[in-house]
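> Got a structure for you, written out below as structure tokens; questions coming shortly.
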Amino acid sequence: MSALTERALAELLLTGGICGVLGVQVVLRRLAFFTETLGHVTFLGVVTAAVTGTDITIGAGIAAMGAVAVMGRGGVASRPHHQRSGVMISGALALGVVLISTRPGFGKDLSAALVGSPLTAGTGDITVAAITAVLVTGTLTLAHKELVLAAFDPAVTRALGYPTRLIDGGLLALLAVTVVTAVPAVGATLPLALLVGPAASALLWTRRIIPATLIGGLLGAAAGAAGLALSLHYRVATAAGTAVICGALFIVAATTTLAGRARQTRLHRPATGL
Amino acid sequence: MYQIFIEPFRFPFMARALAELMILGALAGTVGVLILLRRLAFMTDALTHTVFPGVVIGYLLSGEGGIFWGALIAGAATAVLLTLLTRHRAVTEDAALAVLLTTFFAVGVVLVSRESGYTADLTAFLFGRILTVTPAQLTQTLAVTALVIAMMVILRRPLLARSFDPEGARASGYRIGLLDLATNTVVALVVVASVRAVGTVLVIALLIVPAAAARVVSDRLALIVPIAAVLGAFAGWAGLAVSYDASIHHGLRLASGGTVVLVLIAGHLVALAAAAVIRRRPRPVRRAA
């Protein structure tokens, strides 16, 4: 294994693991569309950084945090909020596309920003991913009780005196950091695959949060490694291969649990989301 | 003004691009109101991604002409899979949409990445080629427009009842499942019709932004629909003209699809500013005056 593939493997294992772990929160709180919006705004940040010659991670970070600040007030998971998300996605994409079109020869950067290129991940990217991994697992461990409570019953959480806005805002900020971390590996459009596929599969197999989080992390890391193997053997885009594996995982999970679940009650989802 | 807004369209290819964009803008603006009322923004976003592998496979099998049919089949497959997945009691709609969106999109990227000239193809599929619209393509767009408008006119009462009062609609004997299927079909048809011209990525803007802007200005359906349609068509014209002028006279290459969307976003911002000046808070949409 060359140093190139070793770095790609480390990057994909870390990114997949982080996304699988945090993904359980995304699925529980129905944050998929918000994550999608976050990815597209991050795309604009990456493009702006590439065109102006600044650091990609910094550009992506500023854009993602800006999106959380603008969008992250009450009800990002609710459907009335979706129209605003749609407008944000449209604007961010169009601005990114127009910015890129002003510079000839940016097609390669465009596809890297959209769908990632893990084989060019440097040690800097891996360090960022490792730091994010510590941040995500640390936060989820320390604030486990608060996060679960706030996900399932925001009203009770508030009544018990927990700072719900801090908890929700913190989770969205963590999500933004994760999406930014995933950009070198899977681009701005595919973190959603790693964030939802493994975690949603894990939540079908077990309905307890801690086991689901562990399984989600393992599945995410495995999907990343399998995506790399696919791309090395069949000459396909690595990140896209990873995303296809995440989708296949979910189809398998949904099929295997279809019969067994028929008589059980629905998993109690948060009524209001964020 | 004449030089910017009229002169470029004396070239036949620009005139065709203008006609295609204005038809699509008006159509998408109208259908966008349905998306707004039914809160289907995420479904629309997912559809714009899931038609992508259909676009790629259609192109690989039979060139430019295969794009429309490939997209149509992929759109239908999305609707079927979404229905199947959400039958599972523990699968929420947004998780199912997210998985379908990313998986289909990734299959498209995988297929493109096996071709040589990968990045050029990817950008063409994602962002469309408005300046190479053919007369046959225009006819196709007109046919889809006629079909969609006819569906919406015929079904306008049940669709409105379903949007504003699902329980009442069910009670008065409307088949909710069929109405939802019709809604999804209408949205999918518009996405499919727009894909070749503006690409899979920018369709969502045509479908979401005009209706959102119209909603800011008015809360009357009788006004929202025409405002959204006119704004969609106008943005097509102005965006095309501006991008042409910038490329020819100022040496600044602006992607035409992206410029159209930026005009739409500017329209939305103007609407927000106007609404803020009038200081009128949006009220729930009323069915009639």
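Ordering of the structure tokens sets the chain letters (A, B, ...); residue numbers start at 1 within each chain; ligands are numbered from 1 in the order shown.
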Would you kindly return, as a compact mmCIF listing (two decimals) with C-alpha atoms, in the first residue's frame, each protein, DNA or RNA residue with an atom no farther than 10 Å from any atom of stretch 85-89 of chain A, considering only C-alpha atoms and excluding same-chain residues fewer than 2 positions away?

```txt
# COMPACT_ATOMS: atom_id res chain seq x y z
CA PHE A 33 -32.39 18.57 4.77
CA PHE A 34 -30.53 20.98 7.03
CA THR A 35 -27.38 18.89 6.47
CA GLU A 36 -27.99 19.05 2.73
CA THR A 37 -28.30 22.85 2.94
CA LEU A 38 -25.14 23.00 5.05
CA GLY A 39 -23.28 20.97 2.41
CA HIS A 40 -24.27 23.32 -0.40
CA VAL A 41 -23.37 26.46 1.55
CA PHE A 43 -19.58 24.22 -1.37
CA LEU A 44 -19.86 27.99 -1.88
CA ALA A 67 -25.22 28.94 7.57
CA MET A 71 -30.57 29.18 9.59
CA VAL A 76 -34.64 23.94 11.19
CA ARG A 79 -41.18 21.52 7.02
CA PRO A 80 -42.09 25.23 6.83
CA HIS A 81 -38.36 25.82 7.20
CA HIS A 82 -37.68 23.73 4.10
CA GLN A 83 -38.62 26.54 1.71
CA GLY A 91 -28.39 30.77 -4.00
CA ALA A 92 -25.25 29.05 -2.73
CA LEU A 93 -25.03 26.76 -5.77
CA ALA A 94 -25.64 29.50 -8.30
CA LEU B 40 -42.13 19.58 -0.76
CA ALA B 41 -38.83 21.46 -0.95
CA PHE B 42 -36.78 18.48 0.25
CA THR B 44 -37.82 18.49 -4.98
CA ASP B 45 -34.17 18.74 -3.98
CA VAL B 201 -28.22 21.25 -10.01
CA LEU B 202 -30.00 24.47 -10.97
CA ILE B 204 -34.19 23.33 -7.79
CA ALA B 205 -33.75 27.10 -7.97
CA LEU B 206 -36.34 27.44 -10.76
CA LEU B 207 -38.82 25.41 -8.73
CA ILE B 208 -38.28 26.95 -5.29
CA VAL B 209 -37.23 30.58 -5.56
CA PRO B 210 -39.97 32.22 -7.73
CA ALA B 212 -40.88 31.79 -2.36
CA ALA B 213 -40.44 35.35 -3.64
CA LEU B 264 -34.05 34.95 -9.15
CA ILE B 265 -32.28 35.30 -5.81
CA HIS B 268 -36.34 37.27 -3.80
```
> Show which residues sit within 10 Å of stretch 159-165 of chain A, as JSON, numbers by chain. Count only C-alpha atoms, and ignore same-chain residues fewer than 3 positions away.
{"A": [72, 73, 74, 146, 147, 149, 150, 151, 154, 155, 156, 168, 169, 170, 171, 274]}
> Could you save the residues just selected, with N, CA, C and O atoms, as a compact mmCIF listing (two decimals), in the first residue's frame?

```txt
# COMPACT_ATOMS: atom_id res chain seq x y z
N GLY A 72 -29.93 28.50 11.83
CA GLY A 72 -30.02 27.62 12.99
C GLY A 72 -30.93 28.08 14.10
O GLY A 72 -30.76 27.68 15.23
N ARG A 73 -31.89 28.96 13.80
CA ARG A 73 -32.82 29.32 14.87
C ARG A 73 -34.06 28.47 14.77
O ARG A 73 -34.44 28.07 13.67
N GLY A 74 -34.68 28.20 15.88
CA GLY A 74 -35.87 27.34 16.02
C GLY A 74 -36.43 26.70 14.76
O GLY A 74 -36.71 27.36 13.77
N GLU A 146 -28.19 15.06 27.97
CA GLU A 146 -28.85 16.30 27.53
C GLU A 146 -29.29 16.20 26.07
O GLU A 146 -30.39 16.61 25.70
N LEU A 147 -28.40 15.66 25.22
CA LEU A 147 -28.71 15.59 23.79
C LEU A 147 -29.91 14.69 23.52
O LEU A 147 -30.79 15.03 22.74
N LEU A 149 -32.28 13.79 25.67
CA LEU A 149 -33.47 14.41 26.26
C LEU A 149 -34.01 15.51 25.35
O LEU A 149 -35.21 15.58 25.05
N ALA A 150 -33.09 16.37 24.86
CA ALA A 150 -33.51 17.49 24.03
C ALA A 150 -34.05 17.00 22.68
O ALA A 150 -34.93 17.63 22.09
N ALA A 151 -33.54 15.85 22.20
CA ALA A 151 -34.03 15.33 20.93
C ALA A 151 -35.44 14.80 21.07
O ALA A 151 -36.28 14.98 20.19
N PRO A 154 -38.19 18.35 23.82
CA PRO A 154 -37.62 19.68 24.03
C PRO A 154 -38.34 20.45 25.14
O PRO A 154 -37.68 21.18 25.92
N ALA A 155 -39.65 20.28 25.24
CA ALA A 155 -40.40 21.05 26.23
C ALA A 155 -39.98 20.66 27.64
O ALA A 155 -39.72 21.53 28.49
N VAL A 156 -39.87 19.35 27.90
CA VAL A 156 -39.45 18.89 29.23
C VAL A 156 -38.02 19.33 29.50
O VAL A 156 -37.68 19.75 30.61
N ASP A 168 -29.08 22.74 21.30
CA ASP A 168 -29.40 22.66 19.87
C ASP A 168 -28.34 23.36 19.01
O ASP A 168 -27.89 22.82 18.00
N GLY A 169 -27.97 24.57 19.44
CA GLY A 169 -26.96 25.32 18.69
C GLY A 169 -25.63 24.58 18.66
O GLY A 169 -24.96 24.54 17.63
N GLY A 170 -25.27 23.99 19.80
CA GLY A 170 -24.02 23.24 19.87
C GLY A 170 -24.03 22.06 18.91
O GLY A 170 -23.04 21.79 18.22
N LEU A 171 -25.17 21.37 18.84
CA LEU A 171 -25.27 20.22 17.94
C LEU A 171 -25.12 20.66 16.48
O LEU A 171 -24.40 20.04 15.70
N LEU A 274 -35.62 20.26 16.00
CA LEU A 274 -34.89 21.36 16.62
C LEU A 274 -35.76 22.60 16.68
O LEU A 274 -36.39 22.92 15.70
```
> At a cut-off of 6 Å, using only C-alpha atoms, what residues contact stretch 5-15 of chain A? Leave out same-chain residues fewer than 6 positions from it and give the result as a PDB file with N, CA, C and O atoms, in the first residue's frame.

```
ATOM      1  N   PRO A 118     -10.425  12.036  -2.033  1.00  0.00           N
ATOM      2  CA  PRO A 118      -9.675  11.559  -0.871  1.00  0.00           C
ATOM      3  C   PRO A 118      -8.247  11.159  -1.198  1.00  0.00           C
ATOM      4  O   PRO A 118      -7.376  11.185  -0.324  1.00  0.00           O
ATOM      5  N   LEU A 119      -7.988  10.816  -2.461  1.00  0.00           N
ATOM      6  CA  LEU A 119      -6.626  10.374  -2.790  1.00  0.00           C
ATOM      7  C   LEU A 119      -5.634  11.533  -2.754  1.00  0.00           C
ATOM      8  O   LEU A 119      -4.426  11.313  -2.756  1.00  0.00           O
ATOM      9  N   ILE A 126      -5.864  15.004   7.512  1.00  0.00           N
ATOM     10  CA  ILE A 126      -6.035  13.899   8.465  1.00  0.00           C
ATOM     11  C   ILE A 126      -5.989  14.426   9.904  1.00  0.00           C
ATOM     12  O   ILE A 126      -6.754  13.987  10.767  1.00  0.00           O
ATOM     13  N   ALA A 182     -15.413  16.751   6.393  1.00  0.00           N
ATOM     14  CA  ALA A 182     -15.616  15.695   5.406  1.00  0.00           C
ATOM     15  C   ALA A 182     -15.338  16.163   3.988  1.00  0.00           C
ATOM     16  O   ALA A 182     -15.231  15.330   3.084  1.00  0.00           O
ATOM     17  N   ALA A 221     -17.191   3.958   9.095  1.00  0.00           N
ATOM     18  CA  ALA A 221     -15.779   3.716   8.804  1.00  0.00           C
ATOM     19  C   ALA A 221     -15.629   2.591   7.780  1.00  0.00           C
ATOM     20  O   ALA A 221     -14.819   2.678   6.839  1.00  0.00           O
ATOM     21  N   GLY A 224     -16.423   3.813   4.343  1.00  0.00           N
ATOM     22  CA  GLY A 224     -15.307   4.595   3.793  1.00  0.00           C
ATOM     23  C   GLY A 224     -14.216   3.683   3.236  1.00  0.00           C
ATOM     24  O   GLY A 224     -13.738   3.878   2.107  1.00  0.00           O
TER      25      GLY A 224
END
```
> Show me which bits of chain A are within 7 Å of chain B, counting only C-alpha atoms, as a PyMOL selection string.
chain A and resi 27+30+32-33+79-80+82-83+86-87+90-91+94-95+97-98+101-102+107-108+111+190+192-193+196-197+200+204+235-237+240-241+243-244+247+258+266-267
